[in-house]
file upload_34.txt (compact mmCIF, C-alpha atoms)
# COMPACT_ATOMS: atom_id res chain seq x y z
CA MET A 1 121.57 -103.94 19.15
CA ILE A 2 121.48 -101.51 16.24
CA GLY A 3 122.50 -98.71 18.60
CA TRP A 4 125.54 -100.65 19.78
CA ILE A 5 126.53 -101.43 16.21
CA ALA A 6 126.19 -97.76 15.25
CA ALA A 7 128.23 -96.68 18.27
CA GLY A 8 130.93 -99.21 17.43
CA ALA A 9 131.04 -98.06 13.82
CA ALA A 10 131.28 -94.42 14.90
CA ALA A 11 134.12 -95.25 17.29
CA GLY A 12 135.94 -97.08 14.51
CA ILE A 13 135.57 -94.13 12.17
CA LEU A 14 136.85 -91.69 14.80
CA THR A 15 139.83 -93.95 15.52
CA ALA A 16 140.68 -94.15 11.82
CA LEU A 17 140.36 -90.38 11.43
CA GLY A 18 142.61 -89.83 14.45
CA ALA A 19 145.23 -92.21 13.09
CA TYR A 20 145.16 -90.44 9.72
CA ALA A 21 145.49 -87.02 11.35
CA VAL A 22 148.56 -88.13 13.30
CA ARG A 23 150.32 -90.40 10.80
CA GLY A 24 148.68 -89.99 7.39
CA ARG A 25 151.39 -89.05 4.89
CA SER A 26 149.17 -86.38 3.30
CA SER A 27 147.37 -85.27 6.48
CA GLN A 28 147.22 -81.52 6.99
CA TRP A 29 145.25 -81.62 10.24
CA LEU A 30 148.04 -81.05 12.76
CA CYS A 31 150.55 -79.25 10.57
CA THR A 32 151.17 -78.39 6.94
CA SER A 33 152.93 -81.41 5.47
CA TYR A 34 154.51 -81.76 2.04
CA TRP A 35 154.44 -85.29 0.68
CA ARG A 36 154.95 -84.95 -3.08
CA GLY A 37 156.16 -82.65 -5.82
CA ARG A 38 154.40 -81.73 -9.04
CA PRO A 39 152.86 -84.81 -10.67
CA ASN A 40 153.64 -83.58 -14.19
CA VAL A 41 157.42 -83.33 -13.72
CA PRO A 42 159.61 -86.48 -14.14
CA ALA A 43 161.58 -85.82 -10.97
CA VAL A 44 161.85 -87.54 -7.59
CA ALA A 45 163.52 -86.73 -4.28
CA LEU A 46 165.51 -89.48 -2.60
CA THR A 47 165.56 -88.96 1.17
CA PHE A 48 167.20 -90.78 4.06
CA ASP A 49 166.18 -90.77 7.73
CA ASP A 50 167.89 -91.65 11.04
CA GLY A 51 171.47 -90.89 10.06
CA PRO A 52 174.26 -90.37 10.04
CA GLY A 53 174.55 -94.11 10.47
CA PRO A 54 176.31 -97.28 9.36
CA ALA A 55 175.03 -96.97 5.78
CA THR A 56 175.72 -93.28 5.18
CA ALA A 57 179.25 -93.49 3.79
CA GLU A 58 178.43 -96.23 1.28
CA ILE A 59 175.23 -94.46 0.21
CA LEU A 60 177.25 -91.31 -0.46
CA SER A 61 179.61 -93.31 -2.66
CA ILE A 62 176.70 -94.71 -4.70
CA LEU A 63 175.11 -91.29 -5.11
CA ASP A 64 178.44 -89.82 -6.18
CA ARG A 65 178.89 -92.57 -8.77
CA TYR A 66 175.66 -91.53 -10.49
CA GLY A 67 175.83 -87.80 -9.75
CA VAL A 68 172.58 -87.96 -7.80
CA PRO A 69 171.59 -85.49 -5.03
CA ALA A 70 169.64 -86.51 -1.94
CA THR A 71 168.24 -85.05 1.27
CA PHE A 72 169.35 -86.52 4.60
CA PHE A 73 167.13 -86.08 7.66
CA PHE A 74 169.54 -86.45 10.56
CA CYS A 75 168.95 -87.09 14.26
CA GLY A 76 170.94 -84.76 16.49
CA GLU A 77 172.15 -87.60 18.69
CA ASN A 78 173.57 -89.40 15.67
CA VAL A 79 175.26 -86.24 14.40
CA GLU A 80 177.03 -85.91 17.76
CA ARG A 81 178.19 -89.51 17.33
CA ARG A 82 179.33 -89.13 13.69
CA PRO A 83 180.00 -85.43 13.01
CA GLU A 84 182.47 -86.16 10.21
CA LEU A 85 179.76 -87.91 8.18
CA ALA A 86 177.34 -85.03 8.66
CA ARG A 87 179.98 -82.62 7.38
CA ARG A 88 180.76 -84.84 4.42
CA VAL A 89 177.11 -84.93 3.35
CA VAL A 90 177.12 -81.15 3.08
CA GLU A 91 180.59 -80.91 1.54
CA VAL A 92 179.63 -83.16 -1.39
CA GLY A 93 176.49 -81.16 -2.13
CA HIS A 94 173.58 -82.96 -0.50
CA GLU A 95 170.84 -81.36 1.58
CA LEU A 96 170.22 -81.70 5.32
CA GLY A 97 166.95 -81.98 7.19
CA ASN A 98 166.01 -82.15 10.87
CA HIS A 99 164.70 -85.51 12.18
CA SER A 100 164.60 -84.61 15.91
CA TYR A 101 167.34 -85.23 18.46
CA SER A 102 166.50 -88.66 19.93
CA HIS A 103 163.87 -90.03 17.50
CA PRO A 104 161.01 -90.10 20.04
CA TYR A 105 157.30 -90.66 19.55
CA PHE A 106 155.61 -87.25 19.66
CA CYS A 107 152.19 -88.63 20.67
CA PHE A 108 151.02 -87.07 23.96
CA ARG A 109 154.22 -85.04 24.28
CA SER A 110 154.15 -81.39 25.25
CA ARG A 111 154.90 -78.61 22.81
CA GLU A 112 157.97 -77.73 24.86
CA PHE A 113 159.29 -81.29 24.55
CA ILE A 114 158.85 -81.14 20.78
CA ARG A 115 160.47 -77.72 20.62
CA GLN A 116 163.54 -78.92 22.56
CA GLU A 117 163.96 -81.94 20.26
CA LEU A 118 163.88 -79.79 17.13
CA HIS A 119 165.78 -76.79 18.48
CA ARG A 120 168.60 -78.93 19.86
CA THR A 121 169.06 -80.65 16.52
CA GLN A 122 169.00 -77.38 14.60
CA ALA A 123 171.76 -76.06 16.84
CA ILE A 124 173.86 -79.23 16.50
CA LEU A 125 173.54 -79.33 12.71
CA GLU A 126 174.45 -75.66 12.40
CA GLN A 127 177.45 -76.03 14.69
CA VAL A 128 178.76 -79.20 13.00
CA THR A 129 178.01 -78.43 9.33
CA GLY A 130 177.41 -74.68 9.14
CA CYS A 131 173.94 -75.36 7.70
CA ARG A 132 170.62 -74.65 9.36
CA PRO A 133 168.00 -76.96 7.83
CA ARG A 134 164.73 -75.74 6.39
CA TRP A 135 163.01 -79.14 6.33
CA PHE A 136 161.78 -81.38 9.13
CA ARG A 137 160.56 -84.96 9.01
CA PRO A 138 158.81 -86.22 12.15
CA PRO A 139 160.01 -89.51 13.64
CA TYR A 140 157.67 -92.33 12.58
CA GLY A 141 155.79 -89.73 10.55
CA ILE A 142 153.90 -88.71 13.69
CA ARG A 143 152.58 -85.18 13.95
CA TRP A 144 151.06 -83.89 17.18
CA LEU A 145 149.36 -80.92 18.78
CA GLY A 146 151.66 -77.91 18.93
CA LEU A 147 154.03 -79.11 16.23
CA GLN A 148 153.01 -76.45 13.71
CA LYS A 149 153.72 -73.67 16.20
CA VAL A 150 157.16 -75.10 16.91
CA LEU A 151 157.90 -75.38 13.20
CA ASP A 152 156.87 -71.77 12.68
CA GLU A 153 159.10 -70.63 15.55
CA LEU A 154 162.13 -72.45 14.14
CA GLY A 155 161.51 -71.69 10.47
CA LEU A 156 160.99 -75.35 9.59
CA VAL A 157 158.61 -77.02 7.13
CA CYS A 158 157.29 -80.58 7.56
CA VAL A 159 158.00 -83.16 4.86
CA THR A 160 156.63 -86.71 4.84
CA TRP A 161 156.83 -89.02 1.81
CA THR A 162 155.06 -90.43 -1.20
CA VAL A 163 156.52 -93.92 -0.86
CA ILE A 164 158.46 -95.47 2.01
CA GLY A 165 160.81 -98.38 1.46
CA ASN A 166 160.32 -100.34 4.70
CA ASP A 167 164.05 -100.93 4.50
CA TRP A 168 164.31 -101.60 8.23
CA LYS A 169 162.46 -104.93 7.80
CA TRP A 170 162.77 -106.10 4.16
CA PRO A 171 165.73 -107.33 2.06
CA GLY A 172 167.25 -104.80 -0.33
CA PRO A 173 165.80 -106.22 -3.58
CA VAL A 174 162.31 -106.31 -2.05
CA VAL A 175 162.68 -102.70 -0.91
CA ALA A 176 163.80 -101.63 -4.38
CA GLU A 177 160.96 -103.45 -6.12
CA HIS A 178 158.42 -102.01 -3.68
CA VAL A 179 159.58 -98.47 -4.44
CA LEU A 180 159.91 -98.98 -8.19
CA GLN A 181 156.35 -100.29 -8.39
CA ARG A 182 154.97 -97.23 -6.59
CA VAL A 183 157.13 -94.32 -7.67
CA VAL A 184 155.41 -91.58 -9.67
CA PRO A 185 156.54 -88.20 -11.01
CA GLY A 186 157.07 -85.85 -8.08
CA ALA A 187 157.54 -88.70 -5.59
CA ILE A 188 159.38 -88.24 -2.32
CA ILE A 189 161.08 -91.55 -1.50
CA CYS A 190 161.88 -92.34 2.14
CA LEU A 191 164.71 -94.73 3.06
CA HIS A 192 166.95 -94.99 6.14
CA ASP A 193 170.74 -94.69 6.40
CA GLY A 194 170.52 -95.44 10.14
CA ARG A 195 168.10 -97.15 12.48
CA GLU A 196 166.65 -94.59 14.90
CA THR A 197 169.55 -93.73 17.25
CA ARG A 198 171.03 -97.23 17.55
CA PRO A 199 174.73 -96.71 16.76
CA GLU A 200 175.57 -100.00 15.03
CA ALA A 201 172.24 -101.23 13.70
CA ALA A 202 172.67 -103.07 10.40
CA ALA A 203 171.57 -101.12 7.34
CA ASP A 204 172.80 -103.40 4.55
CA PRO A 205 169.32 -103.72 2.98
CA THR A 206 169.25 -99.96 2.42
CA ILE A 207 172.61 -99.97 0.67
CA GLU A 208 171.54 -102.85 -1.54
CA ALA A 209 168.24 -101.12 -2.34
CA VAL A 210 169.98 -97.87 -3.31
CA ARG A 211 172.31 -99.77 -5.66
CA ILE A 212 169.22 -101.03 -7.50
CA LEU A 213 166.96 -97.99 -7.20
CA VAL A 214 169.22 -95.23 -8.47
CA PRO A 215 170.06 -96.74 -11.88
CA GLY A 216 166.54 -98.17 -12.11
CA LEU A 217 164.93 -94.76 -11.75
CA LEU A 218 167.45 -93.09 -14.06
CA ASN A 219 166.70 -95.70 -16.71
CA ARG A 220 163.01 -94.85 -16.41
CA GLY A 221 163.75 -91.23 -17.23
CA PHE A 222 163.49 -89.76 -13.74
CA ARG A 223 165.86 -87.10 -12.54
CA PHE A 224 166.78 -86.68 -8.88
CA GLU A 225 166.28 -83.46 -6.92
CA THR A 226 166.77 -82.33 -3.35
CA ILE A 227 163.61 -81.61 -1.40
CA SER A 228 164.21 -77.87 -1.86
CA ASN A 229 164.36 -78.19 -5.64
CA LEU A 230 161.47 -80.65 -5.87
CA LEU A 231 159.19 -78.42 -3.80
CA CYS A 232 160.08 -75.06 -5.36
CA TRP A 233 156.43 -74.32 -6.16
CA THR A 234 153.37 -73.11 -4.26
CA SER A 235 151.91 -75.15 -1.42
CA SER A 236 148.47 -75.07 -3.00
CA ASN A 237 149.67 -77.69 -5.49
CA ASN A 238 150.68 -80.07 -2.70
CA ALA A 239 147.30 -80.66 -1.10
call {"tool": "encode", "arguments": {"input": "upload_34.txt", "output": "structure tokens"}}
result
Amino acid sequence: MIGWIAAGAAAGILTALGAYAVRGRSSQWLCTSYWRGRPNVPAVALTFDDGPGPATAEILSILDRYGVPATFFFCGENVERRPELARRVVEVGHELGNHSYSHPYFCFRSREFIRQELHRTQAILEQVTGCRPRWFRPPYGIRWLGLQKVLDELGLVCVTWTVIGNDWKWPGPVVAEHVLQRVVPGAIICLHDGRETRPEAAADPTIEAVRILVPGLLNRGFRFETISNLLCWTSSNNA
């Protein structure tokens, strides 16, 4: 009986370790991943995944109202659908990141599959906006075997997050309160201006959350930075 209990406990530990390696925001097991800036600097990075999408234009208007920069991690398929929004993001001074082409799960996928997803999106973003992103955020936060090699080949660096808003399932005020309760100096905040690659998925909660979050964080004395500016320090401080 004790042996079975020990075996079950060991299996549980291994499962937990595997889940952390693949999806843990600060995991470094499968690739180098940045998830925060310096904890002694009152700055945060506001980031958006899955765009360009239904919420992108309104989010840009809110950010412009407050003079706040952000980093947008776009899916190549969505950029093909809304190229004018991708161009506008760059034209008004925000930063672009790569979020894969079709927003797939990378678990059990080959390195070549991962490479095609990232390379295709790099090419689309460069063609549409003239910018070739430096930063990559994996769909669902999932990292997998071979990803680091692909990132090295394409000159990309993986970024996860410090706090995620869960804006795909919660009302805007709940999202904002969740983030405000957890934000710390150097935080990377993850929200979504689209919903994977669904063209017309509702994103009203994100817009509502941004309307609350931006002035709320400014009133707390935080300044907003792009990922590039937030992470302009050595990787040894990010572990």
call {"tool": "residues_around", "arguments": {"input": "upload_34.txt", "residues": "Gly93 (chain A)", "least_positions_apart": "4", "cutoff": "12 Å", "atoms": "only C-alpha atoms", "output": "list of chain:residue names"}}
result
A:Leu60, A:Leu63, A:Asp64, A:Gly67, A:Val68, A:Pro69, A:Ala70, A:Thr71, A:Phe72, A:Ala86, A:Arg87, A:Arg88, A:Val89, A:Thr129, A:Cys131, A:Glu225, A:Thr226
call {"tool": "residues_around", "arguments": {"input": "upload_34.txt", "residues": "region 38-51 of chain A", "least_positions_apart": "6", "cutoff": "8 Å", "atoms": "only C-alpha atoms", "output": "ChimeraX atom specification"}}
result
/A:69-75,78-79,99,103,184-197,221-227,230-231,237-238
call {"tool": "residues_around", "arguments": {"input": "upload_34.txt", "residues": "Glu177 (chain A)", "least_positions_apart": "3", "cutoff": "9 Å", "atoms": "only C-alpha atoms", "output": "PyMOL selection string"}}
result
chain A and resi 172-174+180-182+209+212-213
call {"tool": "write_last_selection", "arguments": {"input": "upload_34.txt", "atoms": "C-alpha atoms", "output": "mmCIF file, in the frame of the given file"}}
result
data_model
loop_
_atom_site.group_PDB
_atom_site.id
_atom_site.type_symbol
_atom_site.label_atom_id
_atom_site.label_comp_id
_atom_site.auth_asym_id
_atom_site.auth_seq_id
_atom_site.Cartn_x
_atom_site.Cartn_y
_atom_site.Cartn_z
ATOM 1 C CA GLY A 172 167.250 -104.800 -0.330
ATOM 2 C CA PRO A 173 165.800 -106.220 -3.580
ATOM 3 C CA VAL A 174 162.310 -106.310 -2.050
ATOM 4 C CA LEU A 180 159.910 -98.980 -8.190
ATOM 5 C CA GLN A 181 156.350 -100.290 -8.390
ATOM 6 C CA ARG A 182 154.970 -97.230 -6.590
ATOM 7 C CA ALA A 209 168.240 -101.120 -2.340
ATOM 8 C CA ILE A 212 169.220 -101.030 -7.500
ATOM 9 C CA LEU A 213 166.960 -97.990 -7.200
#
call {"tool": "residues_around", "arguments": {"input": "upload_34.txt", "residues": "Phe113 (chain A)", "least_positions_apart": "5", "cutoff": "12 Å", "atoms": "only C-alpha atoms", "output": "MDAnalysis selection string"}}
result
chainID A and resid 100:102 104:108 118:120 144:147 150
call {"tool": "closest_residue", "arguments": {"input": "upload_34.txt", "among": "A:Arg109, A:Arg137, A:His94, A:Arg65", "to": "Trp35 (chain A)", "atoms": "all atoms listed in the file"}}
result
A:Arg137
call {"tool": "atom_distance", "arguments": {"input": "upload_34.txt", "atom1": "CA of Arg25 (chain A)", "atom2": "CA of Pro138 (chain A)"}}
result
10.8 Å
call {"tool": "closest_residue", "arguments": {"input": "upload_34.txt", "among": "A:Arg132, A:Leu154, A:Gln28, A:Leu85", "to": "Gln116 (chain A)", "atoms": "all atoms listed in the file"}}
result
A:Leu154
call {"tool": "residues_around", "arguments": {"input": "upload_34.txt", "residues": "Tyr66 (chain A)", "least_positions_apart": "3", "cutoff": "10 Å", "atoms": "only C-alpha atoms", "output": "list in words"}}
result
Ser61, Ile62, Leu63, Pro69, Val214, Pro215 and Leu218 of chain A
call {"tool": "atom_distance", "arguments": {"input": "upload_34.txt", "atom1": "CA of Ser33 (chain A)", "atom2": "CA of Glu117 (chain A)"}}
result
18.5 Å
call {"tool": "axis_aligned_box", "arguments": {"input": "upload_34.txt", "around": "region 106-117 of chain A", "padding_each_side": "3 Å", "output": "JSON"}}
result
{"center_x": 157.5, "center_y": -83.2, "center_z": 22.5, "size_x": 18.9, "size_y": 16.9, "size_z": 11.6}
call {"tool": "atom_distance", "arguments": {"input": "upload_34.txt", "atom1": "CA of Val128 (chain A)", "atom2": "CA of Ile142 (chain A)"}}
result
26.6 Å
call {"tool": "decode", "arguments": {"input": "upload_34.txt", "residues": "region 160-234 of chain A", "atoms": "C-alpha atoms", "output": "PDB file, in the first residue's frame"}}
result
ATOM      1  CA  THR A 160       5.149  35.459 -21.140  1.00  0.00           C
ATOM      2  CA  TRP A 161       3.509  37.605 -18.443  1.00  0.00           C
ATOM      3  CA  THR A 162       3.418  38.572 -14.802  1.00  0.00           C
ATOM      4  CA  VAL A 163      -0.370  38.842 -14.599  1.00  0.00           C
ATOM      5  CA  ILE A 164      -3.008  37.742 -17.098  1.00  0.00           C
ATOM      6  CA  GLY A 165      -6.436  39.337 -17.160  1.00  0.00           C
ATOM      7  CA  ASN A 166      -8.617  36.341 -18.111  1.00  0.00           C
ATOM      8  CA  ASP A 167     -10.515  38.836 -20.235  1.00  0.00           C
ATOM      9  CA  TRP A 168     -11.883  36.112 -22.497  1.00  0.00           C
ATOM     10  CA  LYS A 169     -14.146  34.846 -19.680  1.00  0.00           C
ATOM     11  CA  TRP A 170     -14.680  37.655 -17.121  1.00  0.00           C
ATOM     12  CA  PRO A 171     -16.533  41.005 -17.280  1.00  0.00           C
ATOM     13  CA  GLY A 172     -14.375  44.087 -17.780  1.00  0.00           C
ATOM     14  CA  PRO A 173     -14.552  45.439 -14.205  1.00  0.00           C
ATOM     15  CA  VAL A 174     -13.608  42.021 -12.808  1.00  0.00           C
ATOM     16  CA  VAL A 175     -10.655  41.825 -15.203  1.00  0.00           C
ATOM     17  CA  ALA A 176      -9.479  45.293 -14.183  1.00  0.00           C
ATOM     18  CA  GLU A 177      -9.771  44.558 -10.466  1.00  0.00           C
ATOM     19  CA  HIS A 178      -7.946  41.243 -10.890  1.00  0.00           C
ATOM     20  CA  VAL A 179      -5.023  42.984 -12.585  1.00  0.00           C
ATOM     21  CA  LEU A 180      -4.945  45.967 -10.234  1.00  0.00           C
ATOM     22  CA  GLN A 181      -4.769  43.667  -7.213  1.00  0.00           C
ATOM     23  CA  ARG A 182      -1.793  41.774  -8.644  1.00  0.00           C
ATOM     24  CA  VAL A 183       0.245  44.327 -10.544  1.00  0.00           C
ATOM     25  CA  VAL A 184       3.736  45.047  -9.226  1.00  0.00           C
ATOM     26  CA  PRO A 185       6.632  47.185 -10.466  1.00  0.00           C
ATOM     27  CA  GLY A 186       8.054  45.595 -13.605  1.00  0.00           C
ATOM     28  CA  ALA A 187       4.847  43.687 -14.365  1.00  0.00           C
ATOM     29  CA  ILE A 188       3.995  42.459 -17.839  1.00  0.00           C
ATOM     30  CA  ILE A 189       0.202  42.548 -18.181  1.00  0.00           C
ATOM     31  CA  CYS A 190      -1.466  40.227 -20.700  1.00  0.00           C
ATOM     32  CA  LEU A 191      -4.856  41.077 -22.218  1.00  0.00           C
ATOM     33  CA  HIS A 192      -6.473  40.171 -25.557  1.00  0.00           C
ATOM     34  CA  ASP A 193      -7.661  42.454 -28.367  1.00  0.00           C
ATOM     35  CA  GLY A 194      -8.926  39.402 -30.277  1.00  0.00           C
ATOM     36  CA  ARG A 195      -9.992  35.870 -29.472  1.00  0.00           C
ATOM     37  CA  GLU A 196      -7.549  33.414 -31.049  1.00  0.00           C
ATOM     38  CA  THR A 197      -8.268  33.609 -34.800  1.00  0.00           C
ATOM     39  CA  ARG A 198     -12.061  33.930 -34.599  1.00  0.00           C
ATOM     40  CA  PRO A 199     -12.827  36.980 -36.766  1.00  0.00           C
ATOM     41  CA  GLU A 200     -15.832  38.435 -34.937  1.00  0.00           C
ATOM     42  CA  ALA A 201     -15.475  37.148 -31.386  1.00  0.00           C
ATOM     43  CA  ALA A 202     -16.720  39.695 -28.856  1.00  0.00           C
ATOM     44  CA  ALA A 203     -13.992  41.524 -26.963  1.00  0.00           C
ATOM     45  CA  ASP A 204     -16.034  44.158 -25.121  1.00  0.00           C
ATOM     46  CA  PRO A 205     -14.750  43.053 -21.677  1.00  0.00           C
ATOM     47  CA  THR A 206     -11.203  43.874 -22.768  1.00  0.00           C
ATOM     48  CA  ILE A 207     -12.156  47.367 -23.899  1.00  0.00           C
ATOM     49  CA  GLU A 208     -13.982  48.002 -20.643  1.00  0.00           C
ATOM     50  CA  ALA A 209     -11.040  46.682 -18.627  1.00  0.00           C
ATOM     51  CA  VAL A 210      -8.557  48.917 -20.464  1.00  0.00           C
ATOM     52  CA  ARG A 211     -10.737  51.972 -19.773  1.00  0.00           C
ATOM     53  CA  ILE A 212     -10.403  51.217 -16.053  1.00  0.00           C
ATOM     54  CA  LEU A 213      -6.844  49.892 -15.947  1.00  0.00           C
ATOM     55  CA  VAL A 214      -4.951  52.629 -17.735  1.00  0.00           C
ATOM     56  CA  PRO A 215      -6.036  55.567 -15.542  1.00  0.00           C
ATOM     57  CA  GLY A 216      -5.980  53.307 -12.492  1.00  0.00           C
ATOM     58  CA  LEU A 217      -2.340  52.390 -12.995  1.00  0.00           C
ATOM     59  CA  LEU A 218      -1.348  55.954 -13.874  1.00  0.00           C
ATOM     60  CA  ASN A 219      -2.982  57.166 -10.668  1.00  0.00           C
ATOM     61  CA  ARG A 220      -0.883  54.658  -8.739  1.00  0.00           C
ATOM     62  CA  GLY A 221       2.286  56.181 -10.146  1.00  0.00           C
ATOM     63  CA  PHE A 222       3.103  53.547 -12.755  1.00  0.00           C
ATOM     64  CA  ARG A 223       4.430  54.488 -16.152  1.00  0.00           C
ATOM     65  CA  PHE A 224       3.817  52.366 -19.240  1.00  0.00           C
ATOM     66  CA  GLU A 225       6.585  50.943 -21.421  1.00  0.00           C
ATOM     67  CA  THR A 226       6.807  48.708 -24.452  1.00  0.00           C
ATOM     68  CA  ILE A 227       8.297  45.279 -23.862  1.00  0.00           C
ATOM     69  CA  SER A 228      11.556  46.451 -25.453  1.00  0.00           C
ATOM     70  CA  ASN A 229      11.879  49.356 -23.038  1.00  0.00           C
ATOM     71  CA  LEU A 230      10.761  47.378 -19.991  1.00  0.00           C
ATOM     72  CA  LEU A 231      13.274  44.609 -20.665  1.00  0.00           C
ATOM     73  CA  CYS A 232      16.273  46.757 -21.599  1.00  0.00           C
ATOM     74  CA  TRP A 233      18.454  45.090 -18.957  1.00  0.00           C
ATOM     75  CA  THR A 234      20.358  41.827 -18.595  1.00  0.00           C
TER      76      THR A 234
END
